[in-house]
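Chemist: Provided herewith: upload-v3.txt, compact mmCIF, C-alpha atoms and all ligand atoms.
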```txt
# COMPACT_ATOMS: atom_id res chain seq x y z
CA MET A 1 -40.27 50.15 -7.30
CA PRO A 2 -37.29 47.91 -6.45
CA ARG A 3 -35.24 48.87 -3.42
CA ARG A 4 -31.87 50.37 -4.23
CA ALA A 5 -28.51 49.00 -3.10
CA SER A 6 -25.03 50.49 -3.35
CA VAL A 7 -21.92 48.33 -3.09
CA VAL A 8 -18.46 49.86 -2.73
CA GLY A 9 -15.75 47.69 -4.35
CA ALA A 10 -15.87 45.29 -7.30
CA GLY A 11 -13.50 42.63 -6.04
CA ILE A 12 -14.72 39.08 -5.38
CA LEU A 13 -16.55 40.16 -2.20
CA GLY A 14 -18.23 43.26 -3.67
CA LEU A 15 -19.35 41.51 -6.86
CA SER A 16 -20.63 38.51 -4.88
CA THR A 17 -22.61 40.80 -2.57
CA ALA A 18 -24.04 42.74 -5.50
CA ARG A 19 -25.05 39.54 -7.29
CA ALA A 20 -26.87 38.25 -4.19
CA LEU A 21 -28.70 41.58 -3.68
CA ALA A 22 -29.70 41.65 -7.36
CA ALA A 23 -31.01 38.08 -7.01
CA ASP A 24 -33.13 39.33 -4.09
CA GLY A 25 -34.70 41.97 -6.34
CA PHE A 26 -32.62 45.05 -5.46
CA SER A 27 -31.58 47.58 -8.08
CA VAL A 28 -27.83 47.43 -7.46
CA THR A 29 -25.01 49.85 -8.31
CA VAL A 30 -21.39 48.81 -7.76
CA HIS A 31 -18.89 51.64 -7.34
CA GLU A 32 -15.28 50.71 -8.19
CA GLN A 33 -12.41 53.21 -8.03
CA HIS A 34 -10.30 51.20 -10.50
CA ALA A 35 -11.71 48.32 -12.59
CA VAL A 36 -13.00 44.79 -12.02
CA GLY A 37 -10.01 42.53 -11.34
CA THR A 38 -7.66 45.49 -10.83
CA PRO A 39 -4.05 44.35 -10.26
CA LEU A 40 -3.99 46.92 -7.43
CA GLY A 41 -6.49 44.96 -5.30
CA GLY A 42 -6.76 41.53 -3.73
CA SER A 43 -8.66 39.66 -6.45
CA PRO A 44 -6.54 39.78 -9.62
CA GLY A 45 -5.00 36.83 -11.46
CA PRO A 46 -6.17 33.57 -13.04
CA SER A 47 -6.57 31.23 -10.07
CA ARG A 48 -7.20 30.70 -6.34
CA LEU A 49 -7.11 27.61 -4.18
CA TYR A 50 -10.37 26.31 -2.75
CA ARG A 51 -10.73 23.66 -0.01
CA THR A 52 -12.87 22.37 2.85
CA SER A 53 -9.75 21.43 4.85
CA TYR A 54 -9.20 23.84 7.73
CA GLY A 55 -8.17 23.40 11.34
CA GLU A 56 -11.54 24.53 12.72
CA ALA A 57 -14.99 23.05 12.12
CA ASP A 58 -16.45 26.52 11.45
CA TYR A 59 -14.27 26.92 8.38
CA VAL A 60 -14.76 23.32 7.23
CA ARG A 61 -18.52 23.90 7.26
CA LEU A 62 -18.18 27.29 5.57
CA GLY A 63 -15.89 25.67 2.99
CA ARG A 64 -18.61 23.13 2.21
CA MET A 65 -21.27 25.85 1.97
CA ALA A 66 -18.94 27.87 -0.25
CA ILE A 67 -18.53 25.02 -2.75
CA GLU A 68 -22.32 24.73 -3.01
CA GLU A 69 -22.57 28.50 -3.61
CA TRP A 70 -19.95 28.28 -6.39
CA LYS A 71 -22.00 25.54 -8.02
CA ARG A 72 -25.07 27.81 -7.93
CA LEU A 73 -23.23 30.07 -10.39
CA ASP A 74 -23.91 27.26 -12.82
CA ASP A 75 -20.63 27.57 -14.72
CA PRO A 76 -18.68 24.29 -14.73
CA ARG A 77 -15.50 26.09 -15.82
CA LEU A 78 -15.10 27.91 -12.50
CA LEU A 79 -13.99 25.07 -10.24
CA VAL A 80 -11.13 22.73 -11.22
CA PRO A 81 -11.49 19.85 -8.70
CA THR A 82 -7.94 18.46 -8.47
CA GLY A 83 -7.95 17.52 -4.79
CA LEU A 84 -5.54 18.84 -2.16
CA LEU A 85 -2.39 17.38 -0.58
CA GLU A 86 -1.27 18.87 2.73
CA VAL A 87 1.85 18.33 4.82
CA GLY A 88 3.11 19.98 7.98
CA ALA A 89 2.59 17.71 10.97
CA GLY A 90 0.85 19.96 13.42
CA GLN A 91 -1.72 21.53 11.11
CA THR A 92 -2.63 18.42 9.13
CA THR A 93 -3.64 16.59 12.31
CA LEU A 94 -5.86 19.51 13.34
CA ASN A 95 -7.41 19.64 9.87
CA ALA A 96 -8.10 15.89 9.86
CA GLU A 97 -9.84 16.18 13.23
CA ALA A 98 -12.00 19.08 12.02
CA LEU A 99 -12.85 17.27 8.77
CA ALA A 100 -13.79 14.14 10.70
CA ALA A 101 -15.95 16.19 13.09
CA CYS A 102 -17.84 17.58 10.07
CA GLY A 103 -18.12 14.25 8.25
CA GLU A 104 -15.99 15.48 5.36
CA PRO A 105 -14.07 12.97 3.21
CA PHE A 106 -10.27 12.75 3.55
CA ASP A 107 -7.48 10.25 3.43
CA TRP A 108 -3.88 9.90 4.54
CA LEU A 109 -1.35 9.10 1.81
CA ASP A 110 2.19 7.93 2.48
CA PRO A 111 4.86 9.69 0.37
CA ALA A 112 4.87 6.91 -2.26
CA GLN A 113 1.08 7.12 -2.63
CA ALA A 114 1.31 10.91 -2.86
CA THR A 115 3.90 10.61 -5.63
CA ARG A 116 1.54 8.32 -7.54
CA ARG A 117 -1.01 11.19 -7.50
CA PHE A 118 1.64 13.83 -8.19
CA PRO A 119 4.67 12.32 -9.97
CA GLU A 120 6.72 15.53 -9.79
CA ALA A 121 6.28 15.79 -6.01
CA ARG A 122 8.48 14.37 -3.24
CA LEU A 123 6.61 14.90 0.01
CA ARG A 124 8.63 14.42 3.19
CA GLU A 125 5.87 12.90 5.32
CA PRO A 126 2.40 11.36 5.11
CA ALA A 127 0.02 13.79 3.41
CA LEU A 128 -3.56 14.64 4.25
CA TYR A 129 -5.59 14.30 1.05
CA THR A 130 -9.01 15.88 0.52
CA PRO A 131 -10.89 15.37 -2.75
CA ASP A 132 -13.21 18.40 -2.52
CA ALA A 133 -10.59 20.99 -3.29
CA GLY A 134 -8.64 22.42 -6.18
CA ALA A 135 -8.49 25.68 -8.11
CA VAL A 136 -11.03 28.40 -8.78
CA ARG A 137 -10.63 30.12 -12.18
CA ALA A 138 -10.51 33.56 -10.55
CA ASP A 139 -10.64 35.80 -13.61
CA LEU A 140 -13.55 33.82 -15.07
CA ALA A 141 -15.30 34.03 -11.69
CA LEU A 142 -15.15 37.85 -11.61
CA GLU A 143 -16.52 38.01 -15.15
CA ARG A 144 -19.30 35.56 -14.28
CA LEU A 145 -20.25 37.51 -11.14
CA ARG A 146 -20.30 40.93 -12.79
CA ARG A 147 -22.58 39.72 -15.59
CA GLY A 148 -25.79 41.81 -15.63
CA LEU A 149 -24.61 44.13 -12.85
CA ASP A 150 -24.32 47.93 -13.09
CA VAL A 151 -20.61 48.33 -12.27
CA ARG A 152 -19.34 51.92 -12.30
CA GLU A 153 -15.59 51.60 -12.87
CA GLY A 154 -13.35 54.58 -12.14
CA GLU A 155 -15.79 55.81 -9.48
CA ARG A 156 -14.12 56.38 -6.09
CA ILE A 157 -16.48 56.77 -3.12
CA GLY A 158 -15.41 59.31 -0.51
CA ASP A 159 -17.87 58.45 2.24
CA PRO A 160 -20.32 55.51 1.95
CA ARG A 161 -22.59 57.21 4.51
CA GLU A 162 -23.44 59.73 1.78
CA LEU A 163 -24.66 57.09 -0.67
CA GLU A 164 -28.40 57.35 -1.25
CA ALA A 165 -29.65 53.79 -1.21
CA ASP A 166 -31.87 51.55 0.92
CA VAL A 167 -28.89 49.27 1.50
CA VAL A 168 -25.16 50.12 1.48
CA CYS A 169 -22.43 47.46 1.58
CA VAL A 170 -18.74 48.28 1.74
CA CYS A 171 -16.33 45.63 0.40
CA ALA A 172 -13.32 47.87 -0.09
CA GLY A 173 -10.52 45.35 0.52
CA GLY A 174 -7.25 47.04 1.46
CA TRP A 175 -8.98 50.41 1.64
CA LEU A 176 -11.59 49.37 4.23
CA SER A 177 -9.92 51.14 7.13
CA ARG A 178 -10.13 54.39 5.16
CA PHE A 179 -13.83 54.32 6.03
CA PHE A 180 -13.97 52.53 9.38
CA ASP A 181 -11.66 52.37 12.39
CA LEU A 182 -10.69 48.69 12.11
CA PRO A 183 -7.47 46.86 13.11
CA LEU A 184 -6.39 45.94 9.59
CA ARG A 185 -2.92 45.58 8.14
CA VAL A 186 -2.52 45.66 4.38
CA GLN A 187 0.43 43.69 3.02
CA LEU A 188 1.74 42.65 -0.37
CA GLU A 189 1.88 38.93 -1.19
CA GLN A 190 3.30 37.36 -4.30
CA VAL A 191 2.93 34.28 -6.44
CA ALA A 192 4.84 32.73 -9.32
CA TYR A 193 4.14 30.11 -11.96
CA VAL A 194 6.18 27.18 -13.27
CA ALA A 195 5.50 25.14 -16.37
CA ALA A 196 3.57 21.97 -15.54
CA ALA A 197 3.00 18.77 -17.46
CA ASP A 198 -0.65 18.47 -16.51
CA ASP A 199 -3.45 20.87 -15.58
CA LEU A 200 -4.97 18.42 -13.15
CA ARG A 201 -2.17 18.17 -10.62
CA PRO A 202 -3.53 18.39 -7.06
CA SER A 203 -3.28 21.60 -5.07
CA CYS A 204 -0.78 21.47 -2.25
CA ILE A 205 -0.30 23.23 1.09
CA ASP A 206 2.88 22.93 3.13
CA HIS A 207 2.07 24.20 6.63
CA GLY A 208 5.74 24.38 7.51
CA GLY A 209 8.33 22.43 9.43
CA GLY A 210 10.25 21.43 6.30
CA ILE A 211 13.80 22.37 5.28
CA VAL A 212 12.59 25.65 3.74
CA PRO A 213 11.08 27.84 6.50
CA GLY A 214 7.60 29.25 5.88
CA VAL A 215 4.14 28.19 4.78
CA TYR A 216 3.67 27.51 1.07
CA TYR A 217 0.82 26.55 -1.24
CA ALA A 218 0.42 25.64 -4.87
CA LEU A 219 -2.33 24.95 -7.37
CA THR A 220 -2.95 24.36 -11.02
CA THR A 221 -3.70 27.35 -13.25
CA PRO A 222 -5.02 26.03 -16.55
CA GLY A 223 -3.41 27.69 -19.53
CA VAL A 224 -0.61 29.21 -17.43
CA GLY A 225 1.15 26.51 -15.40
CA TYR A 226 1.44 25.49 -11.74
CA LYS A 227 1.10 28.41 -9.33
CA VAL A 228 3.35 28.47 -6.28
CA ALA A 229 3.33 30.94 -3.40
CA GLU A 230 4.36 31.63 0.16
CA ASP A 231 1.61 32.55 2.61
CA ASP A 232 2.13 35.61 4.80
CA GLY A 233 5.70 35.88 3.55
CA GLN A 234 5.77 39.69 3.51
CA PRO A 235 4.06 41.03 6.66
CA ALA A 236 5.37 44.58 6.28
CA PRO A 237 2.53 47.14 5.97
CA PHE A 238 1.90 48.31 2.39
CA ASP A 239 0.06 51.45 1.29
CA PRO A 240 -2.73 50.32 -1.09
CA ASP A 241 -2.67 53.71 -2.80
CA ARG A 242 0.84 53.06 -4.11
CA PRO A 243 0.60 52.67 -7.92
CA ASP A 244 3.03 49.75 -8.04
CA ARG A 245 2.89 46.15 -6.85
CA PRO A 246 6.54 45.08 -6.77
CA VAL A 247 7.72 41.47 -6.60
CA ASP A 248 10.36 40.72 -3.97
CA ALA A 249 13.44 38.89 -5.29
CA ALA A 250 14.26 37.27 -1.92
CA GLY A 251 10.70 35.95 -1.81
CA LEU A 252 11.14 34.40 -5.25
CA ASP A 253 14.34 32.73 -4.06
CA ARG A 254 12.45 31.16 -1.15
CA LEU A 255 9.83 29.92 -3.58
CA ARG A 256 12.50 28.36 -5.81
CA SER A 257 14.02 26.60 -2.79
CA TRP A 258 10.65 25.25 -1.72
CA LEU A 259 9.87 24.13 -5.27
CA ALA A 260 13.20 22.30 -5.54
CA ALA A 261 12.64 20.57 -2.18
CA THR A 262 8.99 19.65 -2.69
CA PHE A 263 8.50 19.32 -6.47
CA PRO A 264 11.87 18.23 -7.91
CA GLY A 265 10.01 17.22 -11.07
CA LEU A 266 8.76 20.77 -11.63
CA ASN A 267 12.22 22.23 -11.98
CA GLY A 268 11.74 24.63 -14.85
CA PRO A 269 12.20 28.40 -14.53
CA LEU A 270 9.55 30.58 -12.94
CA ILE A 271 7.65 31.77 -16.00
CA ARG A 272 5.71 34.62 -14.40
CA SER A 273 5.32 36.34 -11.03
CA GLU A 274 2.90 38.91 -9.63
CA SER A 275 1.73 40.32 -6.34
CA CYS A 276 -1.50 41.55 -4.79
CA LEU A 277 -2.96 42.66 -1.47
CA TYR A 278 -3.81 40.75 1.68
CA THR A 279 -5.89 42.71 4.20
CA MET A 280 -5.08 41.07 7.50
CA THR A 281 -7.16 41.03 10.65
CA PRO A 282 -5.34 40.19 13.90
CA ASP A 283 -6.95 36.70 14.05
CA ARG A 284 -7.19 36.08 10.26
CA ASP A 285 -10.97 35.78 10.60
CA PHE A 286 -13.00 37.86 8.16
CA ILE A 287 -15.16 40.88 8.99
CA LEU A 288 -18.90 40.59 8.31
CA ASP A 289 -20.91 43.04 10.38
CA THR A 290 -22.72 46.40 10.28
CA ILE A 291 -21.38 49.82 11.26
CA ASP A 292 -23.83 52.78 11.32
CA GLY A 293 -26.32 50.63 9.39
CA ILE A 294 -23.77 49.90 6.65
CA VAL A 295 -22.82 46.29 5.92
CA VAL A 296 -19.06 45.83 6.10
CA LEU A 297 -17.41 42.79 4.48
CA GLY A 298 -13.65 42.40 4.35
CA GLY A 299 -10.52 41.54 6.34
CA ASP A 300 -9.86 38.79 3.79
CA SER A 301 -6.53 37.84 5.46
CA GLY A 302 -5.40 36.09 2.30
CA HIS A 303 -8.05 33.36 2.21
CA ALA A 304 -11.45 34.84 1.29
CA PHE A 305 -11.65 34.19 -2.46
CA LYS A 306 -12.87 30.60 -2.03
CA PHE A 307 -15.66 31.91 0.23
CA GLY A 308 -16.56 34.83 -2.09
CA PRO A 309 -20.04 33.91 -3.38
CA LEU A 310 -21.01 32.56 0.05
CA LEU A 311 -19.83 35.66 1.95
CA GLY A 312 -21.63 37.84 -0.60
CA ARG A 313 -24.82 35.87 -0.01
CA LEU A 314 -24.41 36.28 3.75
CA ALA A 315 -23.71 40.02 3.43
CA ALA A 316 -26.94 40.42 1.45
CA ASP A 317 -28.77 38.46 4.15
CA LEU A 318 -27.27 40.67 6.85
CA ALA A 319 -28.38 43.76 4.92
CA GLN A 320 -31.95 42.42 5.11
CA ASP A 321 -31.74 41.46 8.82
CA ARG A 322 -31.93 37.79 8.00
CA PRO A 323 -30.28 35.34 10.44
CA LEU A 324 -26.72 34.19 9.60
CA PRO A 325 -25.22 30.74 10.19
CA PRO A 326 -23.68 30.38 13.69
CA GLN A 327 -20.21 30.18 12.15
CA CYS A 328 -20.48 33.89 11.29
CA ALA A 329 -20.39 34.97 14.94
CA ARG A 330 -16.60 34.94 14.70
CA PHE A 331 -16.71 37.63 12.01
CA ARG A 332 -18.33 40.22 14.29
CA ILE A 333 -16.34 43.42 14.94
CA GLU A 334 -17.01 43.35 18.70
CA ARG A 335 -14.28 40.71 18.99
CA PHE A 336 -11.68 43.41 18.47
CA ALA A 337 -12.98 45.31 21.48
CA ARG A 338 -12.58 42.10 23.49
CA GLY A 339 -8.97 42.09 22.24
C1 LIG B 401 -1.19 36.54 -3.76
C2 LIG B 401 -2.53 36.15 -3.24
C3 LIG B 401 -2.93 34.82 -3.27
C4 LIG B 401 -4.18 34.45 -2.76
N1 LIG B 401 -4.55 33.13 -2.82
C5 LIG B 401 -5.78 32.78 -2.36
C6 LIG B 401 -6.22 31.43 -2.49
O1 LIG B 401 -5.52 30.58 -3.04
N2 LIG B 401 -7.47 31.12 -2.02
C7 LIG B 401 -8.30 32.06 -1.43
O2 LIG B 401 -9.40 31.72 -1.01
N3 LIG B 401 -7.90 33.36 -1.31
C8 LIG B 401 -6.67 33.72 -1.76
N4 LIG B 401 -6.26 35.02 -1.69
C9 LIG B 401 -7.13 36.00 -1.02
C10 LIG B 401 -8.19 36.56 -1.94
O3 LIG B 401 -7.67 36.82 -3.21
C11 LIG B 401 -8.77 37.79 -1.27
O4 LIG B 401 -9.24 37.38 -0.03
C12 LIG B 401 -9.91 38.44 -2.03
O5 LIG B 401 -9.59 38.58 -3.37
C13 LIG B 401 -10.24 39.78 -1.41
O6 LIG B 401 -11.33 40.32 -2.11
P1 LIG B 401 -11.98 41.71 -1.75
O7 LIG B 401 -13.17 41.84 -2.63
O8 LIG B 401 -12.15 41.83 -0.28
O9 LIG B 401 -10.86 42.78 -2.09
P2 LIG B 401 -10.45 43.45 -3.48
O10 LIG B 401 -10.42 42.48 -4.57
O11 LIG B 401 -9.22 44.25 -3.22
O12 LIG B 401 -11.68 44.44 -3.79
C14 LIG B 401 -11.85 45.68 -3.14
C15 LIG B 401 -12.16 46.69 -4.23
O13 LIG B 401 -12.62 47.90 -3.61
C16 LIG B 401 -12.21 48.97 -4.42
N5 LIG B 401 -12.28 50.18 -3.60
C17 LIG B 401 -11.58 50.45 -2.47
N6 LIG B 401 -11.89 51.67 -2.00
C18 LIG B 401 -12.82 52.20 -2.86
C19 LIG B 401 -13.53 53.44 -2.92
N7 LIG B 401 -13.31 54.39 -2.01
N8 LIG B 401 -14.41 53.64 -3.93
C20 LIG B 401 -14.62 52.67 -4.88
N9 LIG B 401 -13.95 51.48 -4.89
C21 LIG B 401 -13.08 51.24 -3.89
C22 LIG B 401 -10.78 48.58 -4.81
O14 LIG B 401 -10.30 49.27 -5.93
C23 LIG B 401 -10.92 47.06 -5.04
O15 LIG B 401 -11.13 46.75 -6.40
C24 LIG B 401 -5.04 35.43 -2.21
C25 LIG B 401 -4.65 36.78 -2.21
C26 LIG B 401 -3.42 37.14 -2.72
C27 LIG B 401 -3.04 38.58 -2.71
```
Show the structure stored in the file as structure tokens.
Modeler:
Amino acid sequence: MPRRASVVGAGILGLSTARALAADGFSVTVHEQHAVGTPLGGSPGPSRLYRTSYGEADYVRLGRMAIEEWKRLDDPRLLVPTGLLEVGAGQTTLNAEALAACGEPFDWLDPAQATRRFPEARLREPALYTPDAGAVRADLALERLRRGLDVREGERIGDPRELEADVVCVCAGGWLSRFFDLPLRVQLEQVAYVAAADDLRPSCIDHGGGIVPGVYYALTTPGVGYKVAEDDGQPAPFDPDRPDRPVDAAGLDRLRSWLAATFPGLNGPLIRSESCLYTMTPDRDFILDTIDGIVVLGGDSGHAFKFGPLLGRLAADLAQDRPLPPQCARFRIERFARG
């Protein structure tokens, strides 16, 4: 008789956890209050940026592990490896140091070299270039992960402690602090798309310090255009139970200004815009731990999609008391008590 597992939430983290538990022989049920890919959560839309380039070796290593876990899904459509260009003096130096410490490939491109890779771009300073990066086809990824799983859509769980299963994992995104007392702030973040000449343009991150204040990122979205967005541009708390996900006009204006300054060759109108939820922890590290014997995975802080299948694998391992990589120590909840 297979052991039973219940997973709350069918976003990228819940589906990834369920897939890993099913692979380990559990009979898995996924409970989702809305539907897979709901526009009300954190995982909707056609694309997400993936990368190994981070300012800390822990994340560089996790980024490498994550790419390998994506490849295990055995669907070549999911990753679009366009490479990544980064500017923003302070952060790019930190990222290069962390990449070097982990033996990851990277290069520095002067603005002319960067323009040869991205003709529509005009970068203001030397760019850090990493080849192992690009776009994840997010909607295809959710469909691939849910394949073969028992996903109960429209089923809202009141208390996961009442679920009768050998293993319970809660991956409830912006609703996580409805179940557990955790220092999370839910906020609404938005993206827009502009028509692009080519689906293989590199992803780009601007860590700030340019003429348009803020941190911005961009990536290809095959079949739609080039996606542009500001990171952490709307820190005001947002109630995830609100039925709407408005787009902020001032935010779109900032995006247009950044586009004009950074990609003068991509000067068409914004063809689409949408918003979804970030669930922020105070340190922007994720949460992967147990509370009352329940595995808790969340606190995505706007950057967990790329790590989805890996974090799901690790949550399934945690549920079975298997050891986790040392990098996961930073995801423990006790850190909040330490302030
Ligand atoms: C605009 C934007 C851009 C982003 N860009 C990137 C990027 O480029 N790269 C990257 O790596 N990450 C990116 N992210 C972050 C990434 O999308 C999120 O980290 C990730 O999708 C979070 O997944 P999740 O499974 O934790 O949450 P969700 O997808 O929100 O899933 C949680 C699910 O739990 C369900 N649920 C909650 N409570 C209950 C209940 N009581 N009963 C049943 N079901 C319940 C919800 O309905 C929801 O479907 C971005 C996020 C946003 C918003």
Chemist: Considering only C-alpha atoms, state which residue in the set A:Asp132, A:Asp58, A:Glu86, A:Glu68 is at the smallest distance from Ala98 in chain A.
Modeler: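 Closest candidate: A:Asp58.
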Chemist: Please identify all protein, DNA and RNA residues within 6 Å of ligand LIG 401 (chain B), counting all atoms listed in the file, and report them as a ChimeraX atom specification.
Modeler: /A:8-14,31-34,38,41-43,48-50,155-158,171-175,189-191,275-278,298,300,302-306
Chemist: When you look at Arg122 in chain A with a cut-off of 7 Å (counting only C-alpha atoms), what residues show up, excluding the ones that are within fewer than 5 positions of it in the same chain? I need them as a list of chain:residue names.
Modeler: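 Non-adjacent residues within range: A:Pro111, A:Thr115, A:Thr262, A:Phe263, A:Pro264.
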Chemist: Looking at all atoms listed in the file, which of A:Leu259, A:Ala96, A:Leu145, A:Val87 is the one that sits closest to Val36 in chain A?
Modeler: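 Closest candidate: A:Leu145.
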Chemist: Would you please work out which residue, of A:Thr52, A:Ser301, A:Thr17, A:Thr221, is nearest to Asp317 in chain A when using all atoms listed in the file?
Modeler: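 So, comparing all the options, the nearest one is A:Thr17.
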Chemist: Which residues are close to Asp206 in chain A, i.e. within 9 Å by all atoms listed in the file, leaving aside same-chain residues fewer than 3 positions away? Reply as a PyMOL selection string.
Modeler: chain A and resi 85-88+209-210+214-218
Chemist: Using only C-alpha atoms, pick whichever of A:Ala319, A:Ala20, A:Leu310, A:Leu297 has the shortest atom-to-atom distance to Arg61 in chain A.
Modeler: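 Closest residue, counting only C-alpha atoms: A:Leu310.
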Chemist: Name the closest residue to Pro202 in chain A among the candidates A:Leu84, A:Ala121, A:Ala101, A:Cys328; distances are taken between atoms, counting only C-alpha atoms.
Modeler: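 For Pro202 in chain A, the nearest of the candidates is A:Leu84.
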Chemist: Which residues come within 12 Å of Ala316 in chain A, counting all atoms listed in the file, excluding same-chain residues fewer than 6 positions away, as a ChimeraX atom specification?
Modeler: /A:5-7,13-26,28,167-171,288-290,294-297,309-310,322-324
Chemist: Limited to C-alpha atoms, could you put the picked residues into a file as a CSV table (one decimal), in the frame of the given file?
Modeler:
```csv
chain,number,residue,atom,x,y,z
A,5,ALA,CA,-28.5,49.0,-3.1
A,6,SER,CA,-25.0,50.5,-3.4
A,7,VAL,CA,-21.9,48.3,-3.1
A,13,LEU,CA,-16.6,40.2,-2.2
A,14,GLY,CA,-18.2,43.3,-3.7
A,15,LEU,CA,-19.4,41.5,-6.9
A,16,SER,CA,-20.6,38.5,-4.9
A,17,THR,CA,-22.6,40.8,-2.6
A,18,ALA,CA,-24.0,42.7,-5.5
A,19,ARG,CA,-25.0,39.5,-7.3
A,20,ALA,CA,-26.9,38.2,-4.2
A,21,LEU,CA,-28.7,41.6,-3.7
A,22,ALA,CA,-29.7,41.6,-7.4
A,23,ALA,CA,-31.0,38.1,-7.0
A,24,ASP,CA,-33.1,39.3,-4.1
A,25,GLY,CA,-34.7,42.0,-6.3
A,26,PHE,CA,-32.6,45.0,-5.5
A,28,VAL,CA,-27.8,47.4,-7.5
A,167,VAL,CA,-28.9,49.3,1.5
A,168,VAL,CA,-25.2,50.1,1.5
A,169,CYS,CA,-22.4,47.5,1.6
A,170,VAL,CA,-18.7,48.3,1.7
A,171,CYS,CA,-16.3,45.6,0.4
A,288,LEU,CA,-18.9,40.6,8.3
A,289,ASP,CA,-20.9,43.0,10.4
A,290,THR,CA,-22.7,46.4,10.3
A,294,ILE,CA,-23.8,49.9,6.6
A,295,VAL,CA,-22.8,46.3,5.9
A,296,VAL,CA,-19.1,45.8,6.1
A,297,LEU,CA,-17.4,42.8,4.5
A,309,PRO,CA,-20.0,33.9,-3.4
A,310,LEU,CA,-21.0,32.6,0.0
A,322,ARG,CA,-31.9,37.8,8.0
A,323,PRO,CA,-30.3,35.3,10.4
A,324,LEU,CA,-26.7,34.2,9.6
```
Chemist: Draw an axis-aligned box over all listed atoms of range 289-303 of chain A, pad each side with 5 Å, and write its centre and edge lengths in Å, one decimal, as JSON.
Modeler:
```
{"center_x": -15.9, "center_y": 43.1, "center_z": 6.8, "size_x": 30.9, "size_y": 29.4, "size_z": 19.1}
```
